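Data block for target-v7.pdb (PDB, C-alpha atoms and all ligand atoms):
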ATOM      1  CA  MET P  89       1.346  -5.208  18.890
ATOM      2  CA  ARG P  90       0.967  -4.141  15.240
ATOM      3  CA  ARG P  91      -1.463  -6.263  13.228
ATOM      4  CA  THR P  92      -0.224  -7.773  10.013
ATOM      5  CA  MET P  93      -1.772  -6.228   6.921
ATOM      6  CA  VAL P  94      -1.740  -7.801   3.487
ATOM      7  CA  ALA P  95      -2.919  -5.477   0.734
ATOM      8  CA  GLY P  96      -3.466  -6.573  -2.851
ATOM      9  CA  ASN P  97      -2.785  -3.977  -5.527
ATOM     10  CA  TRP P  98      -4.359  -5.405  -8.670
ATOM     11  CA  LYS P  99      -3.017  -2.547 -10.813
ATOM     12  CA  MET P 100      -4.751  -2.372 -14.245
ATOM     13  CA  ASN P 101      -5.745  -6.019 -14.517
ATOM     14  CA  GLY P 102      -8.916  -8.080 -14.625
ATOM     15  CA  ASN P 103     -12.382  -8.225 -16.115
ATOM     16  CA  GLN P 104     -15.782  -8.862 -14.568
ATOM     17  CA  VAL P 105     -15.409 -12.634 -14.786
ATOM     18  CA  SER P 106     -11.873 -12.851 -13.425
ATOM     19  CA  VAL P 107     -12.577 -10.317 -10.661
ATOM     20  CA  ALA P 108     -15.640 -12.241  -9.469
ATOM     21  CA  GLY P 109     -13.686 -15.508  -9.435
ATOM     22  CA  LEU P 110     -10.748 -13.977  -7.604
ATOM     23  CA  LEU P 111     -12.947 -12.390  -4.943
ATOM     24  CA  ASP P 112     -14.888 -15.608  -4.398
ATOM     25  CA  GLY P 113     -11.627 -17.511  -4.028
ATOM     26  CA  VAL P 114     -10.199 -15.057  -1.510
ATOM     27  CA  VAL P 115     -13.395 -14.873   0.548
ATOM     28  CA  GLU P 116     -13.735 -18.627   0.670
ATOM     29  CA  GLY P 117     -10.092 -19.157   1.579
ATOM     30  CA  LEU P 118      -9.939 -16.563   4.323
ATOM     31  CA  GLY P 119     -13.159 -17.312   6.160
ATOM     32  CA  LYS P 120     -15.083 -14.738   8.157
ATOM     33  CA  SER P 121     -12.492 -13.373  10.501
ATOM     34  CA  GLY P 122      -8.884 -13.687  11.477
ATOM     35  CA  ASP P 123      -5.970 -11.882  12.999
ATOM     36  CA  ILE P 124      -4.730 -10.101   9.885
ATOM     37  CA  ASP P 125      -6.180  -7.187   7.945
ATOM     38  CA  VAL P 126      -6.646  -7.828   4.243
ATOM     39  CA  VAL P 127      -7.184  -4.956   1.822
ATOM     40  CA  ILE P 128      -8.104  -5.365  -1.841
ATOM     41  CA  CYS P 129      -7.345  -2.475  -4.212
ATOM     42  CA  PRO P 130      -8.953  -3.196  -7.584
ATOM     43  CA  PRO P 131      -9.266  -0.889 -10.584
ATOM     44  CA  PHE P 132     -11.954   1.700  -9.793
ATOM     45  CA  VAL P 133     -14.667   0.190 -11.997
ATOM     46  CA  TYR P 134     -14.669  -3.046  -9.994
ATOM     47  CA  LEU P 135     -15.154  -1.338  -6.618
ATOM     48  CA  PRO P 136     -18.948  -1.867  -6.577
ATOM     49  CA  MET P 137     -18.451  -5.600  -7.116
ATOM     50  CA  VAL P 138     -15.715  -5.734  -4.498
ATOM     51  CA  ALA P 139     -17.883  -3.843  -2.001
ATOM     52  CA  GLU P 140     -20.788  -6.208  -2.603
ATOM     53  CA  LYS P 141     -18.761  -9.385  -2.250
ATOM     54  CA  LEU P 142     -16.591  -8.352   0.707
ATOM     55  CA  SER P 143     -18.927  -6.317   2.864
ATOM     56  CA  SER P 144     -19.932  -9.104   5.233
ATOM     57  CA  HIS P 145     -16.336 -10.082   6.044
ATOM     58  CA  GLU P 146     -14.931  -8.025   8.881
ATOM     59  CA  MET P 147     -11.247  -8.702   8.184
ATOM     60  CA  LEU P 148     -11.603  -7.616   4.561
ATOM     61  CA  ALA P 149     -11.443  -4.022   3.448
ATOM     62  CA  TRP P 150     -10.954  -2.393   0.072
ATOM     63  CA  GLY P 151      -9.498   0.725  -1.397
ATOM     64  CA  GLY P 152      -8.593   2.704  -4.478
ATOM     65  CA  GLN P 153      -5.230   2.667  -6.220
ATOM     66  CA  ASN P 154      -5.179   6.446  -6.605
ATOM     67  CA  LEU P 155      -7.290   9.543  -6.018
ATOM     68  CA  ASP P 156      -7.327  13.147  -7.121
ATOM     69  CA  THR P 157      -6.141  15.946  -4.858
ATOM     70  CA  HIS P 158      -9.540  17.672  -5.215
ATOM     71  CA  ALA P 159     -12.776  16.554  -3.584
ATOM     72  CA  SER P 160     -14.951  17.312  -6.651
ATOM     73  CA  GLY P 161     -15.114  19.561  -9.692
ATOM     74  CA  ALA P 162     -13.988  19.958 -13.282
ATOM     75  CA  TYR P 163     -11.233  17.317 -13.369
ATOM     76  CA  THR P 164     -12.272  15.066 -16.241
ATOM     77  CA  GLY P 165     -11.268  11.461 -15.839
ATOM     78  CA  GLU P 166     -10.257  11.716 -12.200
ATOM     79  CA  ILE P 167     -11.713  10.026  -9.113
ATOM     80  CA  ALA P 168     -12.138  11.866  -5.809
ATOM     81  CA  GLY P 169     -11.704  10.548  -2.290
ATOM     82  CA  PRO P 170     -15.369  11.085  -1.350
ATOM     83  CA  MET P 171     -16.339   8.880  -4.328
ATOM     84  CA  LEU P 172     -14.155   6.111  -2.952
ATOM     85  CA  ARG P 173     -15.816   6.545   0.432
ATOM     86  CA  ASP P 174     -19.172   6.322  -1.330
ATOM     87  CA  PHE P 175     -18.260   2.754  -2.308
ATOM     88  CA  GLY P 176     -17.107   1.791   1.165
ATOM     89  CA  CYS P 177     -13.375   2.209   0.632
ATOM     90  CA  ARG P 178     -11.340   2.614   3.809
ATOM     91  CA  PHE P 179      -7.956   2.829   2.106
ATOM     92  CA  VAL P 180      -6.289   4.380  -0.921
ATOM     93  CA  ILE P 181      -2.803   3.819  -2.307
ATOM     94  CA  VAL P 182      -0.875   7.018  -2.974
ATOM     95  CA  GLY P 183       2.567   7.551  -4.453
ATOM     96  CA  HIS P 184       2.952   4.139  -6.028
ATOM     97  CA  SER P 185       6.189   4.116  -8.046
ATOM     98  CA  GLU P 186       4.153   3.595 -11.242
ATOM     99  CA  ARG P 187       2.246   6.807 -10.490
ATOM    100  CA  ARG P 188       5.489   8.610  -9.733
ATOM    101  CA  SER P 189       7.291   7.402 -12.865
ATOM    102  CA  HIS P 190       4.520   7.105 -15.501
ATOM    103  CA  TYR P 191       2.376  10.062 -14.410
ATOM    104  CA  GLY P 192       5.021  12.398 -13.021
ATOM    105  CA  GLU P 193       3.672  12.518  -9.470
ATOM    106  CA  SER P 194       6.137  14.505  -7.376
ATOM    107  CA  ASP P 195       6.724  14.139  -3.645
ATOM    108  CA  LEU P 196       4.496  17.187  -3.187
ATOM    109  CA  ILE P 197       1.612  15.755  -5.234
ATOM    110  CA  VAL P 198       1.886  12.495  -3.322
ATOM    111  CA  ALA P 199       1.715  14.421  -0.045
ATOM    112  CA  GLU P 200      -1.307  16.384  -1.310
ATOM    113  CA  LYS P 201      -3.022  13.149  -2.287
ATOM    114  CA  ALA P 202      -2.371  11.730   1.171
ATOM    115  CA  ALA P 203      -3.878  14.915   2.629
ATOM    116  CA  ALA P 204      -6.931  14.620   0.350
ATOM    117  CA  ALA P 205      -7.391  11.030   1.507
ATOM    118  CA  LEU P 206      -7.232  11.940   5.195
ATOM    119  CA  GLU P 207      -9.595  14.840   4.628
ATOM    120  CA  CYS P 208     -12.392  12.475   3.602
ATOM    121  CA  GLY P 209     -11.641   9.732   6.111
ATOM    122  CA  LEU P 210      -9.578   7.384   3.937
ATOM    123  CA  THR P 211      -6.371   5.827   5.239
ATOM    124  CA  PRO P 212      -3.624   6.512   2.706
ATOM    125  CA  ILE P 213      -1.145   3.730   2.016
ATOM    126  CA  VAL P 214       1.803   5.934   1.153
ATOM    127  CA  CYS P 215       4.349   4.207  -1.097
ATOM    128  CA  MET P 216       8.024   5.008  -1.327
ATOM    129  CA  GLY P 217      11.191   3.362  -2.533
ATOM    130  CA  GLU P 218      14.413   3.770  -4.451
ATOM    131  CA  THR P 219      15.386   2.780  -7.990
ATOM    132  CA  LEU P 220      18.189   0.341  -8.698
ATOM    133  CA  GLU P 221      20.513   3.191  -9.691
ATOM    134  CA  GLU P 222      19.781   4.959  -6.419
ATOM    135  CA  ARG P 223      20.430   1.810  -4.399
ATOM    136  CA  GLU P 224      23.668   1.151  -6.224
ATOM    137  CA  ALA P 225      24.727   4.748  -5.583
ATOM    138  CA  ASP P 226      24.044   4.173  -1.874
ATOM    139  CA  GLN P 227      21.221   6.730  -1.910
ATOM    140  CA  THR P 228      18.400   4.552  -0.567
ATOM    141  CA  GLU P 229      18.060   6.363   2.768
ATOM    142  CA  GLU P 230      18.364   9.750   1.127
ATOM    143  CA  VAL P 231      15.579   8.979  -1.374
ATOM    144  CA  VAL P 232      13.232   7.265   1.067
ATOM    145  CA  GLY P 233      13.938   9.950   3.685
ATOM    146  CA  ARG P 234      13.043  12.677   1.185
ATOM    147  CA  GLN P 235       9.808  10.915   0.135
ATOM    148  CA  LEU P 236       8.865  10.422   3.781
ATOM    149  CA  ASP P 237       9.717  13.958   4.891
ATOM    150  CA  ALA P 238       7.549  15.451   2.114
ATOM    151  CA  VAL P 239       4.517  13.742   3.636
ATOM    152  CA  VAL P 240       5.341  14.674   7.235
ATOM    153  CA  VAL P 241       6.077  18.316   6.368
ATOM    154  CA  CYS P 242       2.886  18.699   4.310
ATOM    155  CA  LEU P 243       0.536  16.846   6.652
ATOM    156  CA  GLY P 244       2.042  17.408  10.077
ATOM    157  CA  SER P 245       3.059  14.748  12.553
ATOM    158  CA  GLU P 246      -0.462  14.119  13.920
ATOM    159  CA  ALA P 247      -1.457  12.718  10.519
ATOM    160  CA  LEU P 248       1.007   9.871  11.059
ATOM    161  CA  GLU P 249      -1.528   8.263  13.370
ATOM    162  CA  HIS P 250      -3.849   7.711  10.422
ATOM    163  CA  MET P 251      -1.702   6.346   7.634
ATOM    164  CA  VAL P 252       0.087   3.236   6.462
ATOM    165  CA  ILE P 253       3.469   3.257   4.727
ATOM    166  CA  ALA P 254       4.599   0.845   2.039
ATOM    167  CA  TYR P 255       8.280   0.475   1.230
ATOM    168  CA  GLU P 256       8.498  -0.742  -2.343
ATOM    169  CA  PRO P 257      11.967  -0.748  -3.874
ATOM    170  CA  VAL P 258      11.353   0.040  -7.541
ATOM    171  CA  TRP P 259      13.836  -2.605  -8.659
ATOM    172  CA  ALA P 260      11.819  -5.307  -6.894
ATOM    173  CA  ILE P 261       8.399  -4.422  -8.337
ATOM    174  CA  GLY P 262       7.226  -6.984 -10.858
ATOM    175  CA  THR P 263      10.776  -8.180 -11.478
ATOM    176  CA  GLY P 264      10.932 -11.327  -9.353
ATOM    177  CA  LEU P 265      13.873  -9.706  -7.543
ATOM    178  CA  THR P 266      12.743  -9.459  -3.932
ATOM    179  CA  ALA P 267      14.699  -7.465  -1.394
ATOM    180  CA  THR P 268      16.228  -9.878   1.084
ATOM    181  CA  PRO P 269      14.517  -9.831   4.488
ATOM    182  CA  GLU P 270      17.626  -8.086   5.844
ATOM    183  CA  GLN P 271      17.640  -5.417   3.123
ATOM    184  CA  ALA P 272      13.933  -4.728   3.614
ATOM    185  CA  GLN P 273      14.204  -4.743   7.419
ATOM    186  CA  ALA P 274      17.042  -2.192   7.279
ATOM    187  CA  VAL P 275      14.924   0.283   5.301
ATOM    188  CA  HIS P 276      11.813  -0.356   7.412
ATOM    189  CA  ALA P 277      13.809   0.307  10.577
ATOM    190  CA  PHE P 278      15.174   3.485   9.007
ATOM    191  CA  ILE P 279      11.622   4.654   8.167
ATOM    192  CA  ARG P 280      10.358   3.936  11.681
ATOM    193  CA  GLN P 281      13.321   5.660  13.278
ATOM    194  CA  ARG P 282      12.930   8.729  11.080
ATOM    195  CA  LEU P 283       9.217   8.924  11.878
ATOM    196  CA  SER P 284       9.868   8.614  15.575
ATOM    197  CA  ALA P 285      11.687  11.964  15.504
ATOM    198  CA  SER P 286       8.326  13.551  14.589
ATOM    199  CA  HIS P 287       5.896  11.389  16.549
ATOM    200  CA  ALA P 288       7.343   8.523  18.572
ATOM    201  CA  ARG P 289       4.055   6.822  19.452
ATOM    202  CA  ALA P 290       2.730   6.948  15.886
ATOM    203  CA  ALA P 291       6.054   5.602  14.597
ATOM    204  CA  GLU P 292       5.884   2.666  16.984
ATOM    205  CA  GLY P 293       2.336   1.800  15.911
ATOM    206  CA  MET P 294       2.818   2.538  12.195
ATOM    207  CA  GLN P 295       2.117  -0.356   9.852
ATOM    208  CA  ILE P 296       5.004  -0.404   7.394
ATOM    209  CA  LEU P 297       4.355  -2.818   4.537
ATOM    210  CA  TYR P 298       6.916  -4.268   2.172
ATOM    211  CA  GLY P 299       6.118  -4.569  -1.542
ATOM    212  CA  GLY P 300       8.097  -5.974  -4.436
ATOM    213  CA  SER P 301       7.808  -9.540  -5.724
ATOM    214  CA  VAL P 302       6.302 -10.925  -2.523
ATOM    215  CA  LYS P 303       5.260 -14.550  -3.102
ATOM    216  CA  PRO P 304       3.962 -17.328  -0.825
ATOM    217  CA  GLY P 305       7.504 -18.708  -0.629
ATOM    218  CA  ASN P 306       9.215 -15.547   0.629
ATOM    219  CA  ALA P 307       6.403 -13.876   2.596
ATOM    220  CA  SER P 308       6.987 -15.427   6.010
ATOM    221  CA  ALA P 309      10.716 -14.596   6.023
ATOM    222  CA  LEU P 310       9.849 -10.984   5.197
ATOM    223  CA  PHE P 311       6.896 -10.683   7.594
ATOM    224  CA  SER P 312       8.886 -12.142  10.491
ATOM    225  CA  GLN P 313      11.251  -9.157  10.486
ATOM    226  CA  PRO P 314      10.565  -6.839  13.439
ATOM    227  CA  ASP P 315       9.762  -3.753  11.387
ATOM    228  CA  ILE P 316       7.917  -5.424   8.498
ATOM    229  CA  ASP P 317       4.220  -5.411   9.346
ATOM    230  CA  GLY P 318       2.842  -6.975   6.191
ATOM    231  CA  GLY P 319       2.920  -6.623   2.447
ATOM    232  CA  LEU P 320       1.619  -4.733  -0.550
ATOM    233  CA  ILE P 321       1.220  -7.414  -3.162
ATOM    234  CA  GLY P 322       1.020  -6.941  -6.926
ATOM    235  CA  GLY P 323       1.262  -9.924  -9.276
ATOM    236  CA  ALA P 324       0.636 -12.556  -6.606
ATOM    237  CA  ALA P 325      -2.600 -10.804  -5.583
ATOM    238  CA  LEU P 326      -4.092 -11.772  -8.951
ATOM    239  CA  ASP P 327      -4.076 -15.457  -8.043
ATOM    240  CA  ALA P 328      -6.321 -16.449  -5.145
ATOM    241  CA  ASP P 329      -4.101 -19.322  -4.027
ATOM    242  CA  ASP P 330      -0.940 -17.226  -4.074
ATOM    243  CA  PHE P 331      -2.628 -14.334  -2.289
ATOM    244  CA  LEU P 332      -4.071 -16.660   0.348
ATOM    245  CA  GLY P 333      -0.648 -18.258   0.799
ATOM    246  CA  ILE P 334       0.814 -14.818   1.502
ATOM    247  CA  CYS P 335      -2.047 -13.932   3.882
ATOM    248  CA  LYS P 336      -1.423 -17.164   5.784
ATOM    249  CA  ALA P 337       2.261 -16.270   6.101
ATOM    250  CA  GLY P 338       1.123 -13.252   8.123
TER     251      GLY P 338
HETATM  252  P1  LIG X   1       4.702  -7.097  -7.437
HETATM  253  O1  LIG X   1       4.231  -7.853  -6.218
HETATM  254  O2  LIG X   1       4.079  -7.590  -8.718
HETATM  255  O3  LIG X   1       6.187  -7.013  -7.499
HETATM  256  O4  LIG X   1       4.161  -5.596  -7.280
HETATM  257  C1  LIG X   1       4.376  -4.919  -6.097
HETATM  258  C2  LIG X   1       3.603  -3.677  -6.135
HETATM  259  O5  LIG X   1       3.878  -2.782  -6.918
HETATM  260  C3  LIG X   1       2.456  -3.550  -5.225
HETATM  261  O6  LIG X   1       2.012  -2.236  -5.166
END

What would you get if you wrote out this structure as C-alpha cells?
Ligand code: 13P
Amino acid sequence: MRRTMVAGNWKMNGNQVSVAGLLDGVVEGLGKSGDIDVVICPPFVYLPMVAEKLSSHEMLAWGGQNLDTHASGAYTGEIAGPMLRDFGCRFVIVGHSERRSHYGESDLIVAEKAAAALECGLTPIVCMGETLEEREADQTEEVVGRQLDAVVVCLGSEALEHMVIAYEPVWAIGTGLTATPEQAQAVHAFIRQRLSASHARAAEGMQILYGGSVKPGNASALFSQPDIDGGLIGGAALDADDFLGICKAG
C-alpha cells in the first residue's frame, strides 16, 4: 500500500516571522506521528529554521525546491545537493514548471538534477505536466511521456525505486483551475503504466503526487483516486489551516 504524501512547495514566499508561525501551526496541528508523510520545501534560507522546528517529528521531512547539477565548485549563486543534505533535507523538487519555463530547464537538465539528487542521497520529486495549449491540442500524454522518458533514459530504471513523481498540469498551477479527479487520475494512470514498462515493481510502488490548485475542499476527491498518492501543494501550503486540511484529506 502506497503511503499518502503531502508536500508543501512554498516557492519564493515568506519571511522569518511568517515561516516560524507557519511551521508552529503545522507542527501543532499534525501532532507527533501519523499515517501520511509530510514534506515542507521552503526557500533555501529558511531550511535551518525548518530543520530545527521539524526535527523531532517523525512524519515531517523537508527538502529544497531546486539544486544544481554539480556537487560543489565555481557555480556562484547555486545550491548543491550535499548542502541540502547538510541541513537534513531528504527531498528536493526538480523540474517544477516554473523552473522549466522561467529558467529554461530542459528535460535533460531536469534529468541531470534528479541524478545529482540521487547521487547524494536525496529523493527527487520530479515534476512534469502539460500547458493548456498542449492539453487542448491533445498532446498531454506525448508531453508527459517525453518528460518522463528523459528521466528514465538518463537515470536508468533502477533509479525509479528512489524517486517521487509529481504531475502538475501547468494550467492548474496557481490558477484556481484544478484538474478534475478524473482528468488527474487518467494522467497518473498513464504515468504508472509507462513506468511499468521499465520497472514494474517500482511503478507499482511509485508515489505519484498531483499538484495544481489543491485546496482542502478538493483534496479528498483527488487523493481517493487509485493512482493519486498525495499532493504537491503551492498556495495552500502557505496557510497552516489550509495545509492541515489537505493533510487530513490524505
Ligand atoms: P498551487 O497549489 O498554488 O496551484 O501550486 C502548485 C505547485 O506549483 C506546487 O509545486

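Residue membership of the PyMOL selection byres (((not hetatm)) within 7 of (chain X and resi 1)) in the shown file amounts to Asn97, His184, Glu256, Ala260, Ile261, Gly262, Thr263, Gly264, Gly299, Gly300, Ser301, Val302, Leu320, Ile321, Gly322, Gly323 and Ala324 of chain P.
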
Within 9 Å of Pro136 in chain P, counting only C-alpha atoms, which residues qualify if same-chain residues fewer than 5 places away don't, as a ChimeraX atom specification? /P:141,175-176

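Between Val258 in chain P and the candidates P:Arg280, P:His158, P:Arg188, P:Lys99, the tightest atom-to-atom separation, counting all atoms listed in the file, involves P:Arg188.
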
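Contact shell of Glu230 in chain P at 12 Å (only C-alpha atoms; same-chain neighbours under 3 positions omitted): Met216, Gly217, Glu218, Thr219, Glu222, Arg223, Ala225, Asp226, Gln227, Gly233, Arg234, Gln235, Leu236, Asp237, Val275, Phe278, Ile279 and Arg282 of chain P.
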
Find the residues near range 142-156 of chain P: any atom within 6 Å, counting all atoms listed in the file, skip ones fewer than 4 places away on the same chain, and give them as a VMD selection string. chain P and resid 120 to 121 125 to 129 138 167 to 169 177 to 182

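Each of P:Leu172, P:Val114, P:Ala139, P:Ala247 was checked against Ala290 in chain P using all atoms listed in the file; the smallest atom-to-atom distance is that of P:Ala247.
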
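Take CA of Ser284 in chain P and CA of Val214 in chain P: the distance between them is 16.7 Å.
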
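The nearest approach to Asn103 in chain P among the residues P:Ala205, P:Ala337, P:Val232, P:Leu326, with all atoms listed in the file taken into account, belongs to P:Leu326.
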
Which is closer to Leu265 in chain P than all the others in P:Leu220, P:Ala285, P:Val239, P:Met294, using only C-alpha atoms? P:Leu220

Reconstructed range 206-234 of chain P, atom set N, CA and C atoms, as a compact mmCIF listing (two decimals), in the coordinates of the input:
# COMPACT_ATOMS: atom_id res chain seq x y z
N LEU P 206 -6.93 11.76 3.77
CA LEU P 206 -7.23 11.94 5.20
C LEU P 206 -8.43 12.86 5.39
N GLU P 207 -8.51 13.85 4.55
CA GLU P 207 -9.60 14.84 4.63
C GLU P 207 -10.97 14.18 4.54
N CYS P 208 -11.07 13.11 3.76
CA CYS P 208 -12.39 12.48 3.60
C CYS P 208 -12.48 11.15 4.35
N GLY P 209 -11.53 10.90 5.24
CA GLY P 209 -11.64 9.73 6.11
C GLY P 209 -11.06 8.45 5.54
N LEU P 210 -10.26 8.57 4.48
CA LEU P 210 -9.58 7.38 3.94
C LEU P 210 -8.20 7.26 4.58
N THR P 211 -7.74 6.04 4.77
CA THR P 211 -6.37 5.83 5.24
C THR P 211 -5.46 5.71 4.03
N PRO P 212 -4.53 6.65 3.85
CA PRO P 212 -3.62 6.51 2.71
C PRO P 212 -2.55 5.46 2.98
N ILE P 213 -2.29 4.64 1.98
CA ILE P 213 -1.14 3.73 2.02
C ILE P 213 -0.08 4.42 1.17
N VAL P 214 0.85 5.06 1.84
CA VAL P 214 1.80 5.93 1.15
C VAL P 214 3.04 5.12 0.74
N CYS P 215 3.25 5.04 -0.58
CA CYS P 215 4.35 4.21 -1.10
C CYS P 215 5.61 5.03 -1.31
N MET P 216 6.72 4.37 -1.08
CA MET P 216 8.02 5.01 -1.33
C MET P 216 9.07 3.94 -1.60
N GLY P 217 10.13 4.33 -2.26
CA GLY P 217 11.19 3.36 -2.53
C GLY P 217 12.15 3.90 -3.57
N GLU P 218 13.33 3.29 -3.59
CA GLU P 218 14.41 3.77 -4.45
C GLU P 218 14.51 2.94 -5.73
N THR P 219 15.09 3.53 -6.77
CA THR P 219 15.39 2.78 -7.99
C THR P 219 16.68 1.98 -7.79
N LEU P 220 16.95 1.13 -8.77
CA LEU P 220 18.19 0.34 -8.70
C LEU P 220 19.42 1.25 -8.73
N GLU P 221 19.37 2.27 -9.59
CA GLU P 221 20.51 3.19 -9.69
C GLU P 221 20.74 3.89 -8.35
N GLU P 222 19.65 4.27 -7.71
CA GLU P 222 19.78 4.96 -6.42
C GLU P 222 20.34 4.01 -5.36
N ARG P 223 19.88 2.77 -5.38
CA ARG P 223 20.43 1.81 -4.40
C ARG P 223 21.92 1.59 -4.65
N GLU P 224 22.26 1.42 -5.92
CA GLU P 224 23.67 1.15 -6.22
C GLU P 224 24.56 2.35 -5.91
N ALA P 225 23.95 3.54 -5.94
CA ALA P 225 24.73 4.75 -5.58
C ALA P 225 24.66 5.02 -4.08
N ASP P 226 24.12 4.05 -3.33
CA ASP P 226 24.04 4.17 -1.87
C ASP P 226 23.16 5.35 -1.43
N GLN P 227 22.10 5.59 -2.21
CA GLN P 227 21.22 6.73 -1.91
C GLN P 227 19.86 6.31 -1.36
N THR P 228 19.72 5.03 -0.98
CA THR P 228 18.40 4.55 -0.57
C THR P 228 17.82 5.39 0.57
N GLU P 229 18.60 5.62 1.61
CA GLU P 229 18.06 6.36 2.77
C GLU P 229 17.76 7.81 2.40
N GLU P 230 18.59 8.37 1.55
CA GLU P 230 18.36 9.75 1.13
C GLU P 230 17.03 9.87 0.37
N VAL P 231 16.80 8.93 -0.55
CA VAL P 231 15.58 8.98 -1.37
C VAL P 231 14.34 8.70 -0.52
N VAL P 232 14.39 7.63 0.25
CA VAL P 232 13.23 7.26 1.07
C VAL P 232 13.00 8.35 2.13
N GLY P 233 14.07 8.87 2.69
CA GLY P 233 13.94 9.95 3.68
C GLY P 233 13.26 11.17 3.08
N ARG P 234 13.64 11.51 1.85
CA ARG P 234 13.04 12.68 1.18
C ARG P 234 11.55 12.44 0.91
